[in-house]
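Undergrad: Provided below: work39.cif, containing mmCIF, C-alpha atoms and all ligand atoms.
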data_final
loop_
_atom_site.group_PDB
_atom_site.id
_atom_site.type_symbol
_atom_site.label_atom_id
_atom_site.label_comp_id
_atom_site.auth_asym_id
_atom_site.auth_seq_id
_atom_site.Cartn_x
_atom_site.Cartn_y
_atom_site.Cartn_z
ATOM 1 C CA MET A 260 -19.074 -7.389 79.433
ATOM 2 C CA SER A 261 -21.203 -6.900 76.380
ATOM 3 C CA ALA A 262 -24.761 -7.697 75.388
ATOM 4 C CA GLY A 263 -26.395 -8.222 72.054
ATOM 5 C CA CYS A 264 -28.030 -10.751 69.738
ATOM 6 C CA SER A 265 -29.652 -13.586 71.672
ATOM 7 C CA VAL A 266 -28.476 -16.107 69.100
ATOM 8 C CA CYS A 267 -24.912 -15.232 68.171
ATOM 9 C CA GLY A 268 -24.076 -12.511 70.690
ATOM 10 C CA ALA A 269 -23.272 -9.844 68.090
ATOM 11 C CA ALA A 270 -23.920 -6.268 69.188
ATOM 12 C CA THR A 271 -27.382 -4.941 68.326
ATOM 13 C CA PRO A 272 -27.131 -1.148 68.587
ATOM 14 C CA ALA A 273 -30.334 0.707 69.420
ATOM 15 C CA THR A 274 -29.509 3.079 66.570
ATOM 16 C CA ASP A 275 -29.570 0.242 64.038
ATOM 17 C CA PRO A 276 -32.883 0.563 62.122
ATOM 18 C CA SER A 277 -32.895 -3.133 61.264
ATOM 19 C CA SER A 278 -34.886 -5.453 63.495
ATOM 20 C CA GLN A 279 -32.641 -8.330 62.591
ATOM 21 C CA CYS A 280 -29.161 -9.208 63.684
ATOM 22 C CA ALA A 281 -26.641 -7.988 61.126
ATOM 23 C CA HIS A 282 -24.496 -10.996 61.843
ATOM 24 C CA CYS A 283 -26.775 -14.037 61.822
ATOM 25 C CA GLY A 284 -30.105 -12.617 60.610
ATOM 26 C CA SER A 285 -32.166 -13.676 63.603
ATOM 27 C CA VAL A 286 -34.804 -11.293 64.926
ATOM 28 C CA THR A 287 -33.379 -9.151 67.705
ATOM 29 C CA TRP A 288 -36.004 -6.432 68.089
ATOM 30 C CA LEU A 289 -39.787 -6.535 68.315
ATOM 31 C CA ALA A 290 -41.946 -3.520 67.525
ATOM 32 C CA ARG A 291 -43.970 -2.420 70.545
ATOM 33 C CA GLY A 292 -46.035 0.720 70.205
ATOM 34 C CA ASP A 293 -43.773 3.664 69.510
ATOM 35 C CA GLY A 294 -40.611 1.824 70.288
ATOM 36 C CA ARG A 295 -39.205 -1.618 70.170
ATOM 37 C CA ILE A 296 -37.900 -4.133 72.608
ATOM 38 C CA GLN A 297 -35.199 -6.699 72.499
ATOM 39 C CA LEU A 298 -36.157 -10.339 72.918
ATOM 40 C CA GLY A 299 -33.263 -11.054 75.165
ATOM 41 C CA VAL A 300 -29.644 -10.294 75.562
ATOM 42 C CA ARG A 301 -26.628 -12.491 75.474
ATOM 43 C CA VAL A 302 -24.275 -11.326 78.133
ATOM 44 C CA ASP A 303 -20.695 -12.367 77.960
ATOM 45 C CA GLY A 304 -17.565 -11.321 79.697
ATOM 46 C CA THR A 305 -16.179 -12.080 83.076
ATOM 47 C CA ARG A 306 -17.832 -11.798 86.445
ATOM 48 C CA GLY A 307 -15.695 -12.233 89.488
ATOM 49 C CA ASP A 308 -12.769 -13.432 87.365
ATOM 50 C CA LYS A 309 -14.862 -16.253 85.903
ATOM 51 C CA PRO A 310 -15.948 -16.467 82.259
ATOM 52 C CA PHE A 311 -19.608 -15.693 81.984
ATOM 53 C CA ASN A 312 -21.883 -16.256 79.019
ATOM 54 C CA ALA A 313 -25.631 -16.513 79.373
ATOM 55 C CA LEU A 314 -28.839 -15.650 77.623
ATOM 56 C CA LEU A 315 -30.960 -13.481 79.864
ATOM 57 C CA PRO A 316 -34.295 -11.715 79.795
ATOM 58 C CA ILE A 317 -33.579 -8.092 79.062
ATOM 59 C CA ALA A 318 -34.634 -6.801 82.488
ATOM 60 C CA HIS A 319 -32.332 -9.288 84.163
ATOM 61 C CA GLY A 320 -29.396 -8.584 81.873
ATOM 62 C CA GLU A 321 -29.906 -4.891 82.316
ATOM 63 C CA ALA A 322 -29.976 -5.129 86.094
ATOM 64 C CA MET A 323 -26.816 -7.203 85.976
ATOM 65 C CA LEU A 324 -25.031 -4.727 83.737
ATOM 66 C CA ARG A 325 -26.112 -1.888 85.977
ATOM 67 C CA ALA A 326 -24.920 -3.688 89.073
ATOM 68 C CA ASP A 327 -21.591 -4.391 87.414
ATOM 69 C CA ALA A 328 -21.277 -0.791 86.273
ATOM 70 C CA ALA A 329 -22.018 0.358 89.819
ATOM 71 C CA ARG A 330 -19.245 -1.870 91.126
ATOM 72 C CA GLY A 331 -16.921 -0.617 88.438
ATOM 73 C CA THR A 332 -16.079 -4.135 87.294
ATOM 74 C CA SER A 333 -17.493 -3.769 83.820
ATOM 75 C CA GLY A 334 -15.077 -2.620 81.176
ATOM 76 C CA ARG A 335 -17.805 -1.987 78.657
ATOM 77 C CA SER A 336 -21.388 -1.589 79.746
ATOM 78 C CA GLY A 337 -23.799 -2.831 77.115
ATOM 79 C CA SER A 338 -24.427 0.105 74.856
ATOM 80 C CA SER A 339 -27.075 -1.918 73.040
ATOM 81 C CA LEU A 340 -29.159 -1.805 76.201
ATOM 82 C CA LEU A 341 -29.328 1.968 76.397
ATOM 83 C CA GLY A 342 -32.147 2.198 73.877
ATOM 84 C CA ALA A 343 -34.258 -0.245 75.833
ATOM 85 C CA THR A 344 -33.670 1.108 79.340
ATOM 86 C CA GLY A 345 -37.172 2.582 79.613
ATOM 87 C CA VAL A 346 -38.734 -0.665 78.481
ATOM 88 C CA GLY A 347 -36.634 -2.604 80.968
ATOM 89 C CA CYS A 348 -37.791 -0.398 83.825
ATOM 90 C CA ALA A 349 -41.413 -0.729 82.723
ATOM 91 C CA ALA A 350 -41.052 -4.507 82.509
ATOM 92 C CA ALA A 351 -39.513 -4.680 85.977
ATOM 93 C CA PHE A 352 -42.290 -2.479 87.345
ATOM 94 C CA ALA A 353 -44.955 -4.634 85.679
ATOM 95 C CA ALA A 354 -43.357 -7.788 87.078
ATOM 96 C CA ALA A 355 -43.321 -6.294 90.579
ATOM 97 C CA LEU A 356 -46.940 -5.250 90.209
ATOM 98 C CA LEU A 357 -47.909 -8.743 89.045
ATOM 99 C CA LEU A 358 -46.057 -10.312 91.945
ATOM 100 C CA GLY A 359 -47.867 -8.014 94.372
ATOM 101 C CA LEU A 360 -51.193 -9.006 92.827
ATOM 102 C CA CYS A 361 -50.315 -12.701 93.164
ATOM 103 C CA ILE A 362 -49.478 -12.238 96.842
ATOM 104 C CA TRP A 363 -52.703 -10.312 97.412
ATOM 105 C CA MET A 364 -54.681 -13.106 95.703
ATOM 106 C CA ALA A 365 -52.920 -15.777 97.768
ATOM 107 C CA VAL A 366 -53.683 -13.891 101.003
ATOM 108 C CA HIS A 367 -57.215 -13.019 99.959
ATOM 109 C CA PHE A 368 -58.257 -16.489 98.843
ATOM 110 C CA GLY A 369 -55.967 -18.388 101.168
ATOM 111 C CA HIS A 370 -58.206 -18.119 104.250
ATOM 112 C CA CYS A 371 -61.575 -18.608 102.608
HETATM 113 ZN ZN ZN A 401 -26.994 -12.732 65.692
#
For this file, write the structure as structure tokens.

TA:
Amino acid sequence: MSAGCSVCGAATPATDPSSQCAHCGSVTWLARGDGRIQLGVRVDGTRGDKPFNALLPIAHGEAMLRADAARGTSGRSGSSLLGATGVGCAAAFAAALLLGLCIWMAVHFGHC
């Protein structure tokens, strides 16, 4: 399984200084503070013996790659994701926080 450009699926190494895909020229990285994030990842390969090709939010793709790596089913874990691991964790944490806030709001205002 590999991950890369959200448009053409080419690898987008974290070490590549360009913010554009070398293959198709679409924007693959966005500057965010000190670092940069990837818009999304195209994941392709096989999962459970079935061909798999999907465009995923980076946190989702990352979680999937990690799960696959943990199961030992992934031949190649997405090296292009390594540079964005911290961002992915932060995004997942923020999403969880937001979800918690939504639930609190629903409970708080639900019985007024
Ligand atoms: Zn591309």

Undergrad: I'd like the residues picked by the PyMOL selection byres (((not hetatm)) within 6 of (chain A and resi 401)) written out as a list in words, using the chain letters and numbers from the file.

TA: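 Written out, the selection comes to Cys264, Val266, Cys267, Gly268, Ala269, Cys280, His282, Cys283, Gly284 and Ser285 of chain A.
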
Undergrad: Which value, in Å to one decimal, gives the distance between atom CA of A:Ala365 and atom CA of A:Ala353?

TA: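 One can read the atom CA of A:Ala365 to atom CA of A:Ala353 distance as 18.3 Å.
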
Undergrad: Which residues would end up in the selection if the PyMOL selection byres (((chain A and resi 301) around 6) and not hetatm) were applied here, given that I need the answer as a list in words?

TA: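 Applied to this file, the PyMOL selection byres (((chain A and resi 301) around 6) and not hetatm) returns Ala262, Gly263, Ser265, Gly268, Val300, Val302, Ala313 and Leu314 of chain A.
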
Undergrad: Next, the residues of the selection above should be written as a JSON list (two decimals), in the coordinates of the input with C-alpha atoms.

TA:
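File written: selection39.json
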[["chain", "number", "residue", "atom", "x", "y", "z"],
["A", 262, "ALA", "CA", -24.76, -7.70, 75.39],
["A", 263, "GLY", "CA", -26.40, -8.22, 72.05],
["A", 265, "SER", "CA", -29.65, -13.59, 71.67],
["A", 268, "GLY", "CA", -24.08, -12.51, 70.69],
["A", 300, "VAL", "CA", -29.64, -10.29, 75.56],
["A", 302, "VAL", "CA", -24.28, -11.33, 78.13],
["A", 313, "ALA", "CA", -25.63, -16.51, 79.37],
["A", 314, "LEU", "CA", -28.84, -15.65, 77.62]]

Undergrad: Could you tell me how far atom CA of A:Ala350 sits from atom CA of A:Ala322, in Å to one decimal place?

TA: 11.7 Å
